[in-house]
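Participant: Next up is a structure, given as structure tokens.
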Amino acid sequence: MWPSVRASVDEATSVRVSGDVRQGEGTIDVELAGALDDSSYAGRLIEQKGTVEVIAADDTTFIRPDEKFVSAKGGETFKDVDPGLWISVPSGRDGAFSMSTFYEGFVSALPEADAFGGQEPQAETLRLDGEQVFKYSDVDAGDGHVSLYINQDDELVRLEVDGESDSKDGPAGTIDFRDWNEVPPTEAPPEDQIYQRPGF
């Protein structure tokens with residue numbers, strides 16, 4: 001079972017994810033959906049200091065922070081920008097947030113395909129969002145332990161990462177996965193909703 005699930009995760013082209021990611025002493029609520037090559041995705045990140053919406057389309061990433069986020073963290077970056085407008089930034093900048101970096105961060109916490117050595121681990125049967133799933137708890141993933149929720153179609157639908165790895169950069173939290181390989185392309189915001197920098 002697990003080798004085929006792991007292969008489907010590695011070979012996926014798009015997915016819808018949602019959940020909470022622990023970062024330091026805070027938590028970020030994440031909602032993202034789109035292509036895993038970063039060509040097209042949309043979503044939002046919600047933290048204590050505010051919300052940032054994001055759209056990637058046409059080789060450009062658009063972000064729209066709310067007033068609370070701008071007030072708390074904006075600085076010069078969002079100076080004189082109407083909070084109702086999208087700000088365009090080139091896609092693929094080093095260190096910039098993207099769908100793929102978020103996805104790969106959590107996928108890196110998964111056990112390898114041969115982690116169970118051909119043995120079928122014990123699972124608890126339960127319902128998640130009205131769907132029957134199998135929960136595999138406290139699975140050794142090398143750098144830590146995770147819980148895997150897999151549906152009857154052998155699809156990963158939830159991943160819980162304990163975050164107790166020695167690696168400070170490792171992911172932690174709970175992420176739900178839906179609509180594997182079925183997320184439609186995202187369109188860029190309308191031109192009249194995009195901030196136009198003076199002189200451009």
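Ligands are numbered from 1 in the order shown, chains are lettered A, B, ... in the order of the structure tokens, and residues start at 1 in each chain.
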Name the residues of range 53-178 of chain A that fall into strand (DSSP E) according to DSSP on the backbone, using the chain letters and numbers of this document, as a PyMOL selection string.

Facilitator: chain A and resi 53-57+60-65+87-90+124-128+131-140+145-151+156-161+173-178

Participant: For the residues selected in the previous step, produce a file with C-alpha atoms as a compact mmCIF listing (two decimals), in the first residue's frame.

Facilitator:
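Generated file (out_10.txt):
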# COMPACT_ATOMS: atom_id res chain seq x y z
CA GLU A 53 -3.32 36.19 -0.37
CA VAL A 54 -1.23 34.84 -3.23
CA ILE A 55 -1.82 34.04 -6.91
CA ALA A 56 0.74 32.67 -9.36
CA ALA A 57 -0.06 32.88 -13.08
CA THR A 60 4.26 36.23 -12.16
CA THR A 61 3.39 35.94 -8.49
CA PHE A 62 0.81 38.34 -7.09
CA ILE A 63 0.44 38.99 -3.37
CA ARG A 64 -2.21 40.96 -1.51
CA PRO A 65 -1.61 41.58 2.21
CA ILE A 87 1.36 43.48 -5.93
CA SER A 88 3.24 41.69 -8.70
CA VAL A 89 6.66 40.14 -8.09
CA PRO A 90 8.74 37.97 -10.44
CA GLU A 124 -7.07 2.63 12.80
CA THR A 125 -10.22 3.05 10.70
CA LEU A 126 -12.03 6.35 11.19
CA ARG A 127 -13.98 9.02 9.32
CA LEU A 128 -12.42 12.26 8.15
CA GLU A 131 -14.86 9.82 4.29
CA GLN A 132 -13.58 6.51 5.64
CA VAL A 133 -9.81 6.64 6.05
CA PHE A 134 -7.05 4.57 7.58
CA LYS A 135 -4.81 6.26 10.12
CA TYR A 136 -1.25 5.02 10.63
CA SER A 137 0.02 6.61 13.84
CA ASP A 138 3.52 7.35 15.09
CA VAL A 139 5.25 6.21 11.90
CA ASP A 140 9.04 6.51 11.97
CA HIS A 145 7.46 10.63 13.59
CA VAL A 146 4.36 11.28 11.51
CA SER A 147 0.76 10.12 11.30
CA LEU A 148 -0.59 9.21 7.86
CA TYR A 149 -4.25 9.26 6.83
CA ILE A 150 -4.98 7.33 3.63
CA ASN A 151 -8.35 6.90 1.96
CA LEU A 156 -2.84 10.58 1.20
CA VAL A 157 -5.50 12.87 2.68
CA ARG A 158 -3.80 14.09 5.87
CA LEU A 159 -0.27 14.30 7.23
CA GLU A 160 0.54 15.11 10.85
CA VAL A 161 4.17 15.96 11.60
CA GLY A 173 1.79 20.73 11.85
CA THR A 174 -1.21 19.13 10.17
CA ILE A 175 -1.89 19.34 6.43
CA ASP A 176 -4.90 18.00 4.53
CA PHE A 177 -4.61 17.04 0.85
CA ARG A 178 -7.51 17.03 -1.62

Participant: Given only C-alpha atoms as the basis, pick out the residue of A:Gly130, A:Gly50, A:Pro3, A:Gly144 nearest to Ala109 in chain A.

Facilitator: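 Looking at the shortest contact to Ala109 in chain A, the residue is A:Gly144.
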
Participant: For Ala42 in chain A, which residue among A:Val30, A:Asp179, A:Glu191, A:Ala72 is the nearest when counting only C-alpha atoms?

Facilitator: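 Looking only at the distances to Ala42 in chain A, the closest residue turns out to be A:Val30.
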
Participant: Where in range 2-197 of chain A does DSSP assign helix (DSSP H, G or I), given as a ChimeraX atom specification?

Facilitator: /A:2-11,67-74,99-107,191-193

Participant: Create the file for the chosen residues now, containing N, CA, C and O atoms and written as a short mmCIF file (atom, residue, chain, number, x, y, z; two decimals), in the first residue's frame.

Facilitator:
data_model
loop_
_atom_site.label_atom_id
_atom_site.label_comp_id
_atom_site.auth_asym_id
_atom_site.auth_seq_id
_atom_site.Cartn_x
_atom_site.Cartn_y
_atom_site.Cartn_z
N TRP A 2 1.77 1.40 0.98
CA TRP A 2 2.52 2.64 1.10
C TRP A 2 3.38 2.96 -0.11
O TRP A 2 3.44 4.13 -0.53
N PRO A 3 4.07 1.99 -0.73
CA PRO A 3 4.86 2.34 -1.92
C PRO A 3 4.03 3.02 -3.01
O PRO A 3 4.50 3.99 -3.64
N SER A 4 2.80 2.57 -3.24
CA SER A 4 1.97 3.18 -4.28
C SER A 4 1.50 4.57 -3.85
O SER A 4 1.40 5.49 -4.68
N VAL A 5 1.20 4.74 -2.56
CA VAL A 5 0.80 6.05 -2.06
C VAL A 5 1.96 7.04 -2.20
O VAL A 5 1.79 8.16 -2.69
N ARG A 6 3.14 6.60 -1.80
CA ARG A 6 4.31 7.48 -1.88
C ARG A 6 4.61 7.84 -3.33
O ARG A 6 4.95 8.99 -3.64
N ALA A 7 4.47 6.89 -4.25
CA ALA A 7 4.71 7.16 -5.66
C ALA A 7 3.72 8.19 -6.19
O ALA A 7 4.09 9.09 -6.96
N SER A 8 2.46 8.09 -5.78
CA SER A 8 1.45 9.04 -6.25
C SER A 8 1.74 10.45 -5.74
O SER A 8 1.48 11.43 -6.44
N VAL A 9 2.28 10.55 -4.54
CA VAL A 9 2.66 11.86 -3.99
C VAL A 9 3.82 12.45 -4.78
O VAL A 9 3.82 13.63 -5.14
N ASP A 10 4.82 11.62 -5.07
CA ASP A 10 6.00 12.09 -5.79
C ASP A 10 5.68 12.48 -7.23
O ASP A 10 6.33 13.35 -7.81
N GLU A 11 4.68 11.82 -7.83
CA GLU A 11 4.37 12.04 -9.24
C GLU A 11 3.22 13.02 -9.45
O GLU A 11 2.85 13.31 -10.59
N GLU A 67 -4.68 44.91 5.66
CA GLU A 67 -4.19 46.09 6.38
C GLU A 67 -3.48 45.72 7.66
O GLU A 67 -2.49 46.35 8.06
N LYS A 68 -3.96 44.69 8.34
CA LYS A 68 -3.33 44.25 9.58
C LYS A 68 -1.90 43.79 9.33
O LYS A 68 -0.98 44.13 10.08
N PHE A 69 -1.69 43.03 8.25
CA PHE A 69 -0.36 42.54 7.92
C PHE A 69 0.56 43.70 7.54
O PHE A 69 1.71 43.77 7.97
N VAL A 70 0.06 44.62 6.73
CA VAL A 70 0.86 45.77 6.31
C VAL A 70 1.28 46.60 7.51
O VAL A 70 2.43 47.03 7.63
N SER A 71 0.36 46.81 8.43
CA SER A 71 0.65 47.61 9.62
C SER A 71 1.71 46.93 10.49
O SER A 71 2.59 47.60 11.04
N ALA A 72 1.64 45.60 10.58
CA ALA A 72 2.55 44.88 11.47
C ALA A 72 3.91 44.60 10.85
O ALA A 72 4.94 44.65 11.52
N LYS A 73 3.95 44.31 9.53
CA LYS A 73 5.18 43.82 8.93
C LYS A 73 5.55 44.48 7.62
O LYS A 73 6.59 44.17 7.03
N GLY A 74 4.73 45.39 7.14
CA GLY A 74 4.93 45.92 5.80
C GLY A 74 6.20 46.71 5.60
O GLY A 74 6.94 46.50 4.65
N MET A 99 4.34 27.48 -4.04
CA MET A 99 3.57 26.26 -3.80
C MET A 99 4.51 25.06 -3.66
O MET A 99 4.35 24.23 -2.77
N SER A 100 5.50 24.98 -4.53
CA SER A 100 6.38 23.81 -4.53
C SER A 100 7.24 23.73 -3.28
O SER A 100 7.44 22.64 -2.73
N THR A 101 7.76 24.87 -2.81
CA THR A 101 8.61 24.82 -1.62
C THR A 101 7.80 24.41 -0.39
O THR A 101 8.29 23.65 0.46
N PHE A 102 6.57 24.89 -0.31
CA PHE A 102 5.72 24.48 0.81
C PHE A 102 5.42 22.99 0.73
O PHE A 102 5.56 22.26 1.71
N TYR A 103 5.03 22.52 -0.45
CA TYR A 103 4.69 21.11 -0.64
C TYR A 103 5.89 20.21 -0.36
O TYR A 103 5.79 19.22 0.37
N GLU A 104 7.03 20.57 -0.94
CA GLU A 104 8.21 19.74 -0.77
C GLU A 104 8.68 19.69 0.68
O GLU A 104 9.24 18.69 1.13
N GLY A 105 8.43 20.78 1.42
CA GLY A 105 8.80 20.78 2.83
C GLY A 105 8.08 19.70 3.60
O GLY A 105 8.68 19.01 4.44
N PHE A 106 6.79 19.52 3.32
CA PHE A 106 6.04 18.48 4.02
C PHE A 106 6.27 17.10 3.43
O PHE A 106 6.33 16.11 4.16
N VAL A 107 6.43 17.01 2.12
CA VAL A 107 6.72 15.71 1.50
C VAL A 107 8.04 15.15 2.03
O VAL A 107 8.20 13.94 2.19
N GLU A 191 -6.38 43.53 -14.47
CA GLU A 191 -5.39 44.61 -14.51
C GLU A 191 -5.74 45.74 -13.55
O GLU A 191 -4.85 46.33 -12.93
N ASP A 192 -7.04 46.06 -13.42
CA ASP A 192 -7.41 47.19 -12.57
C ASP A 192 -7.32 46.87 -11.08
O ASP A 192 -7.57 47.74 -10.25
N GLN A 193 -6.96 45.62 -10.75
CA GLN A 193 -6.77 45.25 -9.35
C GLN A 193 -5.30 45.04 -9.01
O GLN A 193 -4.97 44.57 -7.92
#

Participant: Could you check the closest approach to Glu187 in chain A for each of A:Tyr41, A:Phe116, A:Trp86, A:Phe97 and tell me which residue wins, using only C-alpha atoms?

Facilitator: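 Among the listed residues, A:Tyr41 lies closest to Glu187 in chain A.
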
Participant: Out of A:Ala113, A:Val183, A:Ala172, A:Ala12, which residue has the shortest atom-to-atom distance to Glu25 in chain A when counting only C-alpha atoms?

Facilitator: A:Ala172

Participant: Figure out the distance between CA of Ser108 in chain A and CA of Leu32 in chain A, please, to one decimal in Å.

Facilitator: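 For CA of Leu32 in chain A relative to CA of Ser108 in chain A, the distance reads 17.9 Å.
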
Participant: What separation in Å, quoted to one decimal, exists between CA of Glu47 in chain A and CA of Asp29 in chain A?

Facilitator: 6.4 Å
